[in-house]
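**Student:** This is the structure I want to talk about, given as structure tokens.
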Protein chains: 4
Amino acid sequence: MTSASTAPADQDRKAPGRPRSARADEAIIDAVLDLLAEGLSADTMSIEAVAARAGVGKATIYRRWPNKDALIVDAVASMKGPVPVVRGESVRDDLIALLSRVGQSTDGRTAKVMSCLLPEIQRNTNMHGCYQSVIEPRRQVMRDVLERGVRTGVLRPDLDVELALSLLSGPVLLQSLLQWNPAVDSRDLATRVVDAVFAGIAGPAQR
Amino acid sequence: MTSASTAPADQDRKAPGRPRSARADEAIIDAVLDLLAEGLSADTMSIEAVAARAGVGKATIYRRWPNKDALIVDAVASMKGPVPVVRGESVRDDLIALLSRVGQSTDGRTAKVMSCLLPEIQRNTNMHGCYQSVIEPRRQVMRDVLERGVRTGVLRPDLDVELALSLLSGPVLLQSLLQWNPAVDSRDLATRVVDAVFAGIAGPAQR
Amino acid sequence: MTSASTAPADQDRKAPGRPRSARADEAIIDAVLDLLAEGLSADTMSIEAVAARAGVGKATIYRRWPNKDALIVDAVASMKGPVPVVRGESVRDDLIALLSRVGQSTDGRTAKVMSCLLPEIQRNTNMHGCYQSVIEPRRQVMRDVLERGVRTGVLRPDLDVELALSLLSGPVLLQSLLQWNPAVDSRDLATRVVDAVFAGIAGPAQR
Amino acid sequence: MTSASTAPADQDRKAPGRPRSARADEAIIDAVLDLLAEGLSADTMSIEAVAARAGVGKATIYRRWPNKDALIVDAVASMKGPVPVVRGESVRDDLIALLSRVGQSTDGRTAKVMSCLLPEIQRNTNMHGCYQSVIEPRRQVMRDVLERGVRTGVLRPDLDVELALSLLSGPVLLQSLLQWNPAVDSRDLATRVVDAVFAGIAGPAQR
DNA sequence: CGTTAATCGAGACGGTACGTCCTGTCTTCGG
DNA sequence: CCGAAGACAGGACGTACCGTCTCGATTAACG
């Protein structure tokens, strides 16, 4: 996933010279996440600070990533961990479980860092690769759940899956992005969103 | 609205010396919007570039705004124009009208600039004032429409208005933020979102 | 003399904007001379160290001089002080006086710094301006003395003045450049060189 | 002469392992001389460029020389070739012959490189070894010629040999160092210097 | 003939300095 | 007093080398 990963099977030829230090990779990624968690934005964070924190020369960073954006993309991607797996029984429970993970993580700093990712994407062309590696796989899991729901009749047969994807993830993402209310419980919000989207908001006069 | 605007009627005392040039104000705001429309982010945009584009000295900018963030907030706020007014007949039509305006504008550059605003808010404390002056008024208009819907029975009597606000604006904002599909028509998306949220996505097996 | 000297009479138009600080000029030159006197060579000396020592930003240095070489040339030139004036009575005494000053100065650091100048000249094209501003004026003084000697008959009527210039200054400069023997007294060496060049080294068998 | 030359007779123990490549030695020295001849100074020349030009790893250079200065000293020393031998008949002709070689060589690049040597000596302590191996032997040859001249009566009996050494070599070295006039013929200059120093420059009024 | 050990090329390592650019403040001038 | 122009101290940028190190692959002489 890391752009600098020297896939050993890419070519049978292995690279000459001293191999790159895995410890440096870790230290750099860790330093980026630390600094992001300390509240620095992607632009405020300086490469020099990353190098100092990681105990690494600047060149060691620039050897691996062409620019700060690529570095941050990789750092964030590494933090997200594996793509979640759903239980596959209840469509509603699966959706709640998936949405609960948005903007939350076992690791404390994940929550702070995650919201740095989306903003950069739309305004920074270099960040578009991030979408592919991080966001899209998770969207695909949710898409699968929705299609299963259509097949089993839990969801409307004429459902626009992409639209439903937006209906569900939009509100949750917006909350984590803008943190209008940081006290909101992630699981509780997810439950309320799923239920409301399932049932609709129309009243008696509408039907 | 401009934080530095020396409202002449604010005090009976008139300012001594040369009054500030209104032309400079306009030129500066215009330059900021131009640069944002050209794709620069709030951080990439340098004050020096704004000054050069506006044909103005840097001091003239710093005399009016304490820092770059405040300048951008004002620039974006000035661009959004007046708070929209709804027709007040059909709740559904009013919601569609409001959501259609998100991420779109008569002015071509508005669409590009708007999505620069939200990302900055949650990570930049200086930007929180922006929320108050730009976003919240528009949320209030939609909140009013939703409450009217509850009263008239078009919406559920037990509706959580804030949640409904998120359900409706989340998907639309997310689309404009991430521009997953730039070809999406703004009005069409708004219509589909409103209808889906009204009716819900649950299928026959669910009921 | 300073390349950055904003000659006020150069144009009747005076520069707009804030004028350059004379204190910064002095502080920078002083820092360069200090560092050179501490034994750093022209290459070992870093611009960053100069800026730190002078309490000045790097940009303030680069605004005045295009590169390190030009800075050093100016620093050394400023140190040499005014072109010496001879008494004009005895040709021999004038030559001894002029040669004594080579590689020596009342200021302690001058001696250490001076020898940094010549080596750079021949190998660094940027340094050629230094020759014009520092060395050549002093050569001209000695040239005048020699021509006076030819007119008064103290020196041969067919004397090649340029060659004599080399005969006299070569040995003295070489001593100061290479410091083969740092204990050599500057005035004593000058006296012995002048007398030997006057009389020649040929023995009885030669005449 | 090479400081790193593992004299095989130095110890009876011969080194185990793969012996050092003589081709690498040559290639490195050659690359240094090439780069110097291309106008790079001792400091401008980077070890990395030497390694690249020589087709050699950097470690192969650092295994042989402790630093750049030592490398350059050896490179220049190797270029100077053997100490010249004089014919021993005419003192004047021998001196002219010796001085003509200063700053000139059959090899085209020698002339360019030689003047890089002296400047470094006096300001770079690491270079002092260079004086011993290159310059002093040549000075000794000239010293012998001068002492022979004193014995045979061609030169003054009370001649200060060291001073005479400076009188003769100073002007010639200075010319090659500063290249005030690159068109000067080396042999012609030597002749004029020797004759002038022999005869002195004093005129009729002096005697 | 296989072991051993120093060599080779290549290049990554932690650093330092480069020269450029931008920030937010200041200092001058003319209007 | 305002406006423009621009200098100021500071600091991050991305590049280039430094001198050291770590690789796999040679390349001899020794056992």
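So you can find residues: chains in the structure tokens are A, B, ... in the order shown, residues in each start at 1, and ligands are numbered from 1 in order.
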Check every residue of chain E for an atom within 12 Å of chain B, counting only C-alpha atoms (C1' of nucleotides), and provide those that qualify as a PDB file with N, CA, C and O atoms (P, O5', C5', C4', C3', O3' and C1' of nucleotides), in the first residue's frame.
**Tutor:**
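Just written: result.pdb:
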```pdb
ATOM      1  P    DC E  21      12.199  32.363  -5.660  1.00  0.00           P
ATOM      2  O5'  DC E  21      11.158  32.267  -4.465  1.00  0.00           O
ATOM      3  C5'  DC E  21      10.517  31.015  -4.222  1.00  0.00           C
ATOM      4  C4'  DC E  21       9.787  31.058  -2.896  1.00  0.00           C
ATOM      5  C3'  DC E  21       8.871  32.268  -2.713  1.00  0.00           C
ATOM      6  O3'  DC E  21       7.562  31.785  -2.483  1.00  0.00           O
ATOM      7  C1'  DC E  21      10.170  31.850  -0.757  1.00  0.00           C
ATOM      8  P    DC E  22       6.304  32.720  -2.729  1.00  0.00           P
ATOM      9  O5'  DC E  22       5.785  32.965  -1.248  1.00  0.00           O
ATOM     10  C5'  DC E  22       5.366  31.849  -0.460  1.00  0.00           C
ATOM     11  C4'  DC E  22       5.370  32.243   0.984  1.00  0.00           C
ATOM     12  C3'  DC E  22       4.609  33.523   1.299  1.00  0.00           C
ATOM     13  O3'  DC E  22       3.464  33.191   2.066  1.00  0.00           O
ATOM     14  C1'  DC E  22       6.700  33.393   2.461  1.00  0.00           C
ATOM     15  P    DT E  23       2.462  34.325   2.598  1.00  0.00           P
ATOM     16  O5'  DT E  23       2.801  34.446   4.150  1.00  0.00           O
ATOM     17  C5'  DT E  23       3.096  33.284   4.920  1.00  0.00           C
ATOM     18  C4'  DT E  23       3.502  33.707   6.325  1.00  0.00           C
ATOM     19  C3'  DT E  23       2.699  34.898   6.871  1.00  0.00           C
ATOM     20  O3'  DT E  23       2.194  34.582   8.140  1.00  0.00           O
ATOM     21  C1'  DT E  23       5.047  35.342   6.985  1.00  0.00           C
ATOM     22  P    DG E  24       0.808  35.133   8.668  1.00  0.00           P
ATOM     23  O5'  DG E  24       1.297  36.449   9.447  1.00  0.00           O
ATOM     24  C5'  DG E  24       1.975  36.255  10.691  1.00  0.00           C
ATOM     25  C4'  DG E  24       2.747  37.504  11.079  1.00  0.00           C
ATOM     26  C3'  DG E  24       1.895  38.792  11.134  1.00  0.00           C
ATOM     27  O3'  DG E  24       2.217  39.483  12.336  1.00  0.00           O
ATOM     28  C1'  DG E  24       3.824  39.140   9.842  1.00  0.00           C
ATOM     29  P    DT E  25       1.675  40.908  12.711  1.00  0.00           P
ATOM     30  O5'  DT E  25       3.006  41.792  12.704  1.00  0.00           O
ATOM     31  C5'  DT E  25       4.122  41.358  13.471  1.00  0.00           C
ATOM     32  C4'  DT E  25       5.318  42.276  13.221  1.00  0.00           C
ATOM     33  C3'  DT E  25       5.027  43.767  13.441  1.00  0.00           C
ATOM     34  O3'  DT E  25       6.016  44.280  14.329  1.00  0.00           O
ATOM     35  C1'  DT E  25       6.100  43.426  11.350  1.00  0.00           C
ATOM     36  P    DC E  26       5.921  45.773  14.871  1.00  0.00           P
ATOM     37  O5'  DC E  26       6.842  46.587  13.827  1.00  0.00           O
ATOM     38  C5'  DC E  26       8.252  46.492  13.897  1.00  0.00           C
ATOM     39  C4'  DC E  26       8.865  47.322  12.772  1.00  0.00           C
ATOM     40  C3'  DC E  26       8.300  48.737  12.646  1.00  0.00           C
ATOM     41  O3'  DC E  26       8.997  49.697  13.471  1.00  0.00           O
ATOM     42  C1'  DC E  26       8.540  47.654  10.489  1.00  0.00           C
ATOM     43  P    DT E  27      10.456  50.243  13.212  1.00  0.00           P
ATOM     44  O5'  DT E  27      10.488  50.861  11.742  1.00  0.00           O
ATOM     45  C5'  DT E  27      11.708  50.711  11.003  1.00  0.00           C
ATOM     46  C4'  DT E  27      11.592  51.376   9.655  1.00  0.00           C
ATOM     47  C3'  DT E  27      11.318  52.883   9.709  1.00  0.00           C
ATOM     48  O3'  DT E  27      12.233  53.518   8.833  1.00  0.00           O
ATOM     49  C1'  DT E  27       9.865  51.852   8.199  1.00  0.00           C
ATOM     50  P    DG E  31       3.110  62.845  -4.691  1.00  0.00           P
ATOM     51  O5'  DG E  31       1.685  62.523  -4.029  1.00  0.00           O
ATOM     52  C5'  DG E  31       1.045  61.294  -4.355  1.00  0.00           C
ATOM     53  C4'  DG E  31      -0.210  61.147  -3.530  1.00  0.00           C
ATOM     54  C3'  DG E  31      -1.213  62.297  -3.656  1.00  0.00           C
ATOM     55  O3'  DG E  31      -2.508  61.740  -3.816  1.00  0.00           O
ATOM     56  C1'  DG E  31      -0.710  61.917  -1.389  1.00  0.00           C
TER      57       DG E  31
END
```
**Student:** At most 6 Å is the cut-off: for each residue in chain D with any atom that close to an atom of chain C, write down the nearest atom pair and the distance in Å rounded to one decimal, counting only C-alpha atoms, chain first then increasing number, as CSV.
**Tutor:**
```
residue,atom,partner,partner_atom,distance
D:Pro119,CA,C:Pro119,CA,4.8
D:Gln122,CA,C:Leu178,CA,4.9
D:Gly153,CA,C:Ala205,CA,5.2
D:Val154,CA,C:Gly203,CA,4.9
D:Leu155,CA,C:Gly203,CA,3.8
D:Arg156,CA,C:Gly203,CA,3.8
D:Ser166,CA,C:Pro171,CA,5.0
D:Leu167,CA,C:Pro171,CA,5.4
D:Gly170,CA,C:Gly170,CA,4.3
D:Pro171,CA,C:Gly170,CA,4.4
D:Leu174,CA,C:Gly170,CA,5.9
D:Leu178,CA,C:Gln122,CA,5.0
D:Val197,CA,C:Gly200,CA,5.2
D:Phe198,CA,C:Ala202,CA,4.7
D:Ala199,CA,C:Gly200,CA,4.6
D:Gly200,CA,C:Gly200,CA,3.5
D:Ile201,CA,C:Phe198,CA,4.8
D:Ala202,CA,C:Leu155,CA,4.5
D:Gly203,CA,C:Arg156,CA,3.8
D:Ala205,CA,C:Val154,CA,4.9
D:Gln206,CA,C:Val154,CA,5.2
```
**Student:** List as an NGL selection string the protein and nucleic acid residues near DA10 in chain E, meaning an atom at most 12 Å away when only C-alpha atoms (C1' of nucleotides) are counted, but skip any in the same chain fewer than 4 places from it.
**Tutor:** (:A and (15-19)) or (:D and (51-52 or 55-60)) or (:F and (22-25))
**Student:** Report the distance between CA of Val184 in chain A and CA of Ile96 in chain A in Å, rounded to one decimal place.
**Tutor:** 14.9 Å
